[in-house]
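As provided, target29.txt (compact mmCIF, N, CA and C atoms) reads as follows.
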```txt
# COMPACT_ATOMS: atom_id res chain seq x y z
N MET A 1 105.02 94.64 163.12
CA MET A 1 105.15 95.18 161.80
C MET A 1 106.03 94.28 160.94
N THR A 2 107.10 93.77 161.53
CA THR A 2 107.98 92.89 160.78
C THR A 2 107.30 91.57 160.46
N ALA A 3 106.43 91.12 161.32
CA ALA A 3 105.71 89.87 161.06
C ALA A 3 104.78 90.06 159.86
N LEU A 4 104.20 91.23 159.73
CA LEU A 4 103.30 91.51 158.61
C LEU A 4 104.09 91.52 157.30
N LYS A 5 105.29 92.10 157.31
CA LYS A 5 106.12 92.14 156.12
C LYS A 5 106.56 90.74 155.72
N GLN A 6 106.92 89.92 156.68
CA GLN A 6 107.35 88.56 156.37
C GLN A 6 106.20 87.75 155.80
N GLU A 7 105.01 87.96 156.35
CA GLU A 7 103.85 87.21 155.87
C GLU A 7 103.50 87.61 154.44
N SER A 8 103.54 88.92 154.14
CA SER A 8 103.19 89.37 152.80
C SER A 8 104.27 88.97 151.80
N SER A 9 105.56 88.99 152.21
CA SER A 9 106.62 88.60 151.29
C SER A 9 106.59 87.11 151.01
N SER A 10 106.27 86.29 152.01
CA SER A 10 106.19 84.86 151.77
C SER A 10 104.96 84.53 150.92
N HIS A 11 103.89 85.29 151.08
CA HIS A 11 102.69 85.10 150.27
C HIS A 11 102.96 85.50 148.82
N ALA A 12 103.75 86.55 148.62
CA ALA A 12 104.10 86.98 147.27
C ALA A 12 104.97 85.93 146.59
N GLY A 13 105.87 85.31 147.33
CA GLY A 13 106.72 84.26 146.78
C GLY A 13 105.92 83.05 146.36
N GLU A 14 104.90 82.71 147.11
CA GLU A 14 104.06 81.58 146.74
C GLU A 14 103.27 81.87 145.48
N SER A 15 102.76 83.09 145.32
CA SER A 15 101.97 83.40 144.13
C SER A 15 102.85 83.43 142.89
N PHE A 16 104.10 83.88 143.01
CA PHE A 16 105.00 83.85 141.87
C PHE A 16 105.32 82.42 141.48
N GLY A 17 105.58 81.60 142.46
CA GLY A 17 105.87 80.20 142.19
C GLY A 17 104.70 79.49 141.55
N ALA A 18 103.49 79.90 141.88
CA ALA A 18 102.30 79.29 141.30
C ALA A 18 102.04 79.79 139.88
N GLN A 19 102.48 81.00 139.58
CA GLN A 19 102.21 81.59 138.27
C GLN A 19 103.31 81.29 137.25
N ALA A 20 104.48 80.87 137.70
CA ALA A 20 105.59 80.61 136.79
C ALA A 20 105.26 79.54 135.75
N PRO A 21 104.67 78.40 136.10
CA PRO A 21 104.35 77.41 135.06
C PRO A 21 103.34 77.93 134.05
N ILE A 22 102.40 78.74 134.49
CA ILE A 22 101.40 79.31 133.57
C ILE A 22 102.08 80.27 132.61
N ALA A 23 103.00 81.10 133.12
CA ALA A 23 103.72 82.04 132.26
C ALA A 23 104.58 81.29 131.24
N LEU A 24 105.24 80.23 131.65
CA LEU A 24 106.04 79.45 130.72
C LEU A 24 105.19 78.77 129.66
N LEU A 25 104.03 78.29 130.08
CA LEU A 25 103.10 77.68 129.14
C LEU A 25 102.63 78.71 128.10
N GLY A 26 102.35 79.91 128.55
CA GLY A 26 101.93 80.98 127.63
C GLY A 26 103.04 81.33 126.64
N LEU A 27 104.28 81.45 127.12
CA LEU A 27 105.41 81.74 126.23
C LEU A 27 105.64 80.63 125.22
N ALA A 28 105.49 79.38 125.67
CA ALA A 28 105.64 78.25 124.75
C ALA A 28 104.56 78.27 123.68
N ALA A 29 103.33 78.60 124.07
CA ALA A 29 102.24 78.67 123.09
C ALA A 29 102.50 79.76 122.06
N ILE A 30 102.99 80.91 122.50
CA ILE A 30 103.30 82.01 121.57
C ILE A 30 104.40 81.59 120.61
N ALA A 31 105.42 80.90 121.11
CA ALA A 31 106.52 80.45 120.26
C ALA A 31 106.03 79.45 119.21
N ILE A 32 105.14 78.54 119.60
CA ILE A 32 104.61 77.55 118.66
C ILE A 32 103.76 78.23 117.59
N ILE A 33 102.94 79.19 117.99
CA ILE A 33 102.11 79.92 117.02
C ILE A 33 102.99 80.68 116.03
N ALA A 34 104.04 81.33 116.52
CA ALA A 34 104.95 82.07 115.63
C ALA A 34 105.64 81.11 114.67
N LEU A 35 106.03 79.94 115.14
CA LEU A 35 106.69 78.96 114.28
C LEU A 35 105.74 78.45 113.19
N ILE A 36 104.52 78.17 113.55
CA ILE A 36 103.53 77.70 112.57
C ILE A 36 103.25 78.78 111.53
N ASN A 37 103.07 80.02 111.97
CA ASN A 37 102.74 81.10 111.05
C ASN A 37 103.91 81.46 110.14
N SER A 38 105.13 81.29 110.59
CA SER A 38 106.27 81.63 109.73
C SER A 38 106.37 80.69 108.55
N ASN A 39 105.91 79.45 108.70
CA ASN A 39 105.95 78.49 107.60
C ASN A 39 104.73 78.56 106.71
N SER A 40 103.67 79.21 107.13
CA SER A 40 102.44 79.20 106.36
C SER A 40 102.21 80.47 105.55
N ARG A 41 103.19 81.34 105.47
CA ARG A 41 103.04 82.56 104.67
C ARG A 41 103.09 82.19 103.20
N PRO A 42 102.18 82.79 102.40
CA PRO A 42 102.19 82.48 100.97
C PRO A 42 103.41 83.07 100.29
N ALA A 43 103.87 82.39 99.26
CA ALA A 43 105.01 82.88 98.50
C ALA A 43 104.57 84.09 97.69
N PRO A 44 105.43 85.08 97.51
CA PRO A 44 105.04 86.24 96.72
C PRO A 44 104.76 85.84 95.28
N VAL A 45 103.73 86.45 94.72
CA VAL A 45 103.33 86.15 93.35
C VAL A 45 104.12 87.05 92.40
N VAL A 46 104.77 86.45 91.45
CA VAL A 46 105.54 87.20 90.47
C VAL A 46 104.63 87.47 89.27
N GLN A 47 104.42 88.75 88.97
CA GLN A 47 103.58 89.13 87.84
C GLN A 47 104.35 88.93 86.55
N PRO A 48 103.72 88.34 85.55
CA PRO A 48 104.42 88.17 84.27
C PRO A 48 104.65 89.53 83.61
N GLN A 49 105.81 89.69 83.04
CA GLN A 49 106.15 90.93 82.37
C GLN A 49 105.60 90.90 80.94
N ILE A 50 104.98 92.01 80.54
CA ILE A 50 104.49 92.13 79.17
C ILE A 50 105.68 92.52 78.31
N VAL A 51 105.87 91.78 77.26
CA VAL A 51 106.99 92.07 76.37
C VAL A 51 106.56 93.13 75.39
N ALA A 52 107.08 94.34 75.57
CA ALA A 52 106.70 95.47 74.73
C ALA A 52 107.31 95.37 73.34
N SER A 53 108.37 94.61 73.20
CA SER A 53 109.02 94.51 71.90
C SER A 53 108.18 93.70 70.91
N ALA A 54 107.22 92.91 71.41
CA ALA A 54 106.37 92.13 70.51
C ALA A 54 105.54 93.03 69.62
N CYS A 55 105.09 94.15 70.17
CA CYS A 55 104.32 95.12 69.41
C CYS A 55 104.44 96.46 70.12
N ALA A 56 105.40 97.25 69.71
CA ALA A 56 105.65 98.53 70.37
C ALA A 56 104.54 99.54 70.10
N SER A 57 103.73 99.30 69.09
CA SER A 57 102.67 100.24 68.73
C SER A 57 101.28 99.74 69.13
N CYS A 58 101.22 98.72 69.99
CA CYS A 58 99.94 98.15 70.39
C CYS A 58 99.53 98.65 71.77
N GLY A 59 98.23 98.67 72.00
CA GLY A 59 97.72 99.08 73.29
C GLY A 59 96.27 98.69 73.44
N THR A 60 95.70 99.06 74.58
CA THR A 60 94.31 98.75 74.89
C THR A 60 93.55 100.04 75.08
N VAL A 61 92.35 100.12 74.49
CA VAL A 61 91.51 101.31 74.63
C VAL A 61 91.00 101.37 76.07
N VAL A 62 91.25 102.51 76.74
CA VAL A 62 90.80 102.67 78.12
C VAL A 62 89.68 103.69 78.25
N ALA A 63 89.49 104.54 77.22
CA ALA A 63 88.41 105.52 77.26
C ALA A 63 88.11 106.01 75.86
N VAL A 64 86.82 106.30 75.61
CA VAL A 64 86.38 106.92 74.36
C VAL A 64 85.50 108.10 74.75
N ARG A 65 85.91 109.32 74.34
CA ARG A 65 85.16 110.53 74.71
C ARG A 65 84.78 111.29 73.46
N ARG A 66 83.59 111.87 73.47
CA ARG A 66 83.13 112.68 72.35
C ARG A 66 83.49 114.13 72.62
N SER A 67 83.89 114.83 71.57
CA SER A 67 84.26 116.23 71.68
C SER A 67 83.03 117.07 72.00
N ALA A 68 83.23 118.15 72.72
CA ALA A 68 82.13 119.05 73.07
C ALA A 68 81.78 120.00 71.93
N HIS A 69 82.58 120.02 70.89
CA HIS A 69 82.32 120.91 69.76
C HIS A 69 81.23 120.34 68.87
N SER A 70 80.79 121.17 67.90
CA SER A 70 79.68 120.74 67.04
C SER A 70 80.10 119.63 66.08
N SER A 71 81.35 119.61 65.67
CA SER A 71 81.78 118.54 64.76
C SER A 71 82.02 117.26 65.56
N PRO A 72 81.57 116.12 65.04
CA PRO A 72 81.71 114.88 65.80
C PRO A 72 83.15 114.36 65.75
N VAL A 73 83.88 114.61 66.79
CA VAL A 73 85.24 114.11 66.93
C VAL A 73 85.29 113.29 68.22
N PHE A 74 85.91 112.14 68.14
CA PHE A 74 86.04 111.28 69.31
C PHE A 74 87.51 111.19 69.70
N PHE A 75 87.76 111.25 70.99
CA PHE A 75 89.11 111.10 71.52
C PHE A 75 89.20 109.70 72.12
N VAL A 76 90.10 108.90 71.58
CA VAL A 76 90.30 107.53 72.04
C VAL A 76 91.60 107.50 72.83
N GLU A 77 91.48 107.13 74.12
CA GLU A 77 92.65 107.05 74.99
C GLU A 77 93.13 105.61 75.02
N ILE A 78 94.43 105.42 74.75
CA ILE A 78 95.00 104.08 74.64
C ILE A 78 96.12 103.92 75.66
N GLN A 79 96.07 102.81 76.41
CA GLN A 79 97.15 102.44 77.33
C GLN A 79 98.08 101.52 76.55
N MET A 80 99.28 102.03 76.25
CA MET A 80 100.23 101.27 75.45
C MET A 80 100.85 100.15 76.30
N LEU A 81 101.43 99.17 75.63
CA LEU A 81 102.03 98.04 76.34
C LEU A 81 103.21 98.45 77.21
N ASP A 82 103.87 99.56 76.87
CA ASP A 82 105.01 100.01 77.68
C ASP A 82 104.56 100.83 78.89
N GLY A 83 103.24 101.02 79.06
CA GLY A 83 102.71 101.74 80.21
C GLY A 83 102.32 103.17 79.92
N SER A 84 102.76 103.72 78.80
CA SER A 84 102.42 105.10 78.47
C SER A 84 100.98 105.19 77.98
N THR A 85 100.47 106.40 77.91
CA THR A 85 99.09 106.64 77.45
C THR A 85 99.13 107.57 76.25
N ARG A 86 98.33 107.25 75.24
CA ARG A 86 98.22 108.10 74.05
C ARG A 86 96.76 108.41 73.80
N VAL A 87 96.51 109.60 73.24
CA VAL A 87 95.16 110.00 72.86
C VAL A 87 95.17 110.25 71.36
N VAL A 88 94.24 109.58 70.65
CA VAL A 88 94.14 109.69 69.20
C VAL A 88 92.75 110.20 68.85
N GLN A 89 92.68 111.18 67.92
CA GLN A 89 91.39 111.71 67.47
C GLN A 89 90.86 110.84 66.34
N GLN A 90 89.56 110.53 66.41
CA GLN A 90 88.89 109.74 65.40
C GLN A 90 87.60 110.45 64.99
N LEU A 91 87.19 110.32 63.73
CA LEU A 91 85.95 110.94 63.27
C LEU A 91 84.73 110.10 63.61
N ALA A 92 84.90 108.83 63.83
CA ALA A 92 83.78 107.96 64.15
C ALA A 92 84.13 107.15 65.39
N ALA A 93 83.10 106.77 66.14
CA ALA A 93 83.30 105.98 67.36
C ALA A 93 83.30 104.51 66.99
N GLY A 94 84.40 104.03 66.46
CA GLY A 94 84.48 102.64 66.03
C GLY A 94 85.16 101.73 67.05
N PHE A 95 85.56 102.28 68.18
CA PHE A 95 86.28 101.50 69.18
C PHE A 95 85.58 101.60 70.52
N LYS A 96 85.71 100.55 71.30
CA LYS A 96 85.12 100.55 72.64
C LYS A 96 86.20 100.21 73.66
N VAL A 97 85.93 100.49 74.92
CA VAL A 97 86.88 100.21 76.00
C VAL A 97 87.18 98.71 76.02
N GLY A 98 88.47 98.39 76.07
CA GLY A 98 88.90 97.00 76.11
C GLY A 98 89.41 96.49 74.77
N ASP A 99 89.15 97.23 73.68
CA ASP A 99 89.66 96.81 72.37
C ASP A 99 91.17 96.89 72.35
N VAL A 100 91.81 95.89 71.76
CA VAL A 100 93.26 95.90 71.56
C VAL A 100 93.50 96.47 70.17
N VAL A 101 94.28 97.55 70.11
CA VAL A 101 94.45 98.27 68.85
C VAL A 101 95.93 98.42 68.51
N LEU A 102 96.17 98.66 67.23
CA LEU A 102 97.49 98.98 66.72
C LEU A 102 97.46 100.46 66.36
N VAL A 103 98.39 101.24 66.90
CA VAL A 103 98.45 102.68 66.65
C VAL A 103 99.47 102.93 65.55
N ASN A 104 99.02 103.60 64.49
CA ASN A 104 99.89 103.96 63.38
C ASN A 104 99.73 105.46 63.15
N GLY A 105 100.52 106.26 63.86
CA GLY A 105 100.37 107.72 63.78
C GLY A 105 99.08 108.13 64.46
N ASN A 106 98.13 108.70 63.66
CA ASN A 106 96.82 109.06 64.19
C ASN A 106 95.74 108.08 63.76
N ALA A 107 96.15 106.95 63.21
CA ALA A 107 95.19 105.94 62.77
C ALA A 107 95.22 104.75 63.72
N LEU A 108 94.04 104.19 63.97
CA LEU A 108 93.91 103.02 64.82
C LEU A 108 93.33 101.88 64.01
N SER A 109 93.79 100.67 64.29
CA SER A 109 93.17 99.49 63.69
C SER A 109 93.08 98.42 64.77
N LEU A 110 92.01 97.65 64.71
CA LEU A 110 91.82 96.56 65.67
C LEU A 110 92.88 95.50 65.46
N ARG A 111 93.36 94.98 66.55
CA ARG A 111 94.33 93.89 66.48
C ARG A 111 93.66 92.66 67.07
N PRO A 112 93.67 91.55 66.35
CA PRO A 112 93.04 90.35 66.90
C PRO A 112 93.76 89.88 68.16
N GLN A 113 92.97 89.49 69.16
CA GLN A 113 93.54 89.01 70.42
C GLN A 113 94.05 87.59 70.21
N PRO A 114 95.21 87.27 70.81
CA PRO A 114 95.72 85.90 70.69
C PRO A 114 94.79 84.90 71.34
N SER A 115 94.59 83.78 70.69
CA SER A 115 93.67 82.78 71.25
C SER A 115 94.37 81.59 71.78
```
Would you mind giving the structure from this file in structure tokens?
Amino acid sequence: MTALKQESSSHAGESFGAQAPIALLGLAAIAIIALINSNSRPAPVVQPQIVASACASCGTVVAVRRSAHSSPVFFVEIQMLDGSTRVVQQLAAGFKVGDVVLVNGNALSLRPQPS
């Protein structure tokens, strides 16, 4: 019985000794991959800030809806430069989604886009 234990323990020692270089090679490969990937990460993209002080009353039309009532009234939804949303009633559908407008109370006027 003791001879069997000695044989199996010596066999286990040989297999560990044979696997150690492979394990070290695997760890070295993982370390190299981690080192390469740490340097190849893209830099975070900084979004340009919109300066709201340039035109505090300007925004972009994001929706135009017709009223369900019999009188033709259109609701124009505007995303302001400061991030807020305003809804302005208009009697005619003179604006489309994407138009840059100047809000003056309940009146809208097209603002030319900078070129």
Proximity to Val76 of chain A - best of A:Ala56, A:Ala29, A:Val64, A:Leu35, all atoms listed in the file: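 Result for the nearest residue to Val76 of chain A: A:Val64.
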Top pick for closest residue to Ser57 of chain A, considering A:Leu81, A:Leu110, A:Ile22, A:Leu91 and counting all atoms listed in the file: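 Looking at the shortest contact to Ser57 of chain A, the residue is A:Leu81.
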Between atom C of Cys55 of chain A and atom C of Phe75 of chain A - distance in Å to one decimal: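 If I compute the distance from atom C of Phe75 of chain A to atom C of Cys55 of chain A, I get 20.3 Å.
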Shortest interatomic distance to Gly94 of chain A - which of A:Val61, A:Ala20, A:Ala31, A:Leu25, counting only C-alpha atoms: A:Val61
Nearest residue to Val87 of chain A from the set A:Pro72, A:Ile32, A:Val100, A:Ala63 (distances using only C-alpha atoms): A:Ala63
Contact residues around Gln89 of chain A with only C-alpha atoms at 12 Å, ignoring same-chain residues under 4 positions, as a list in words: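 Listed by chain and then number, they are Ala63, Val64, Arg65, Arg66, Ser67, Pro72, Val73, Phe74, Phe75, Val76, Glu77, Ile78, Ala93, Gly94, Phe95, Val103, Gly105, Asn106, Ala107 and Leu108 of chain A.
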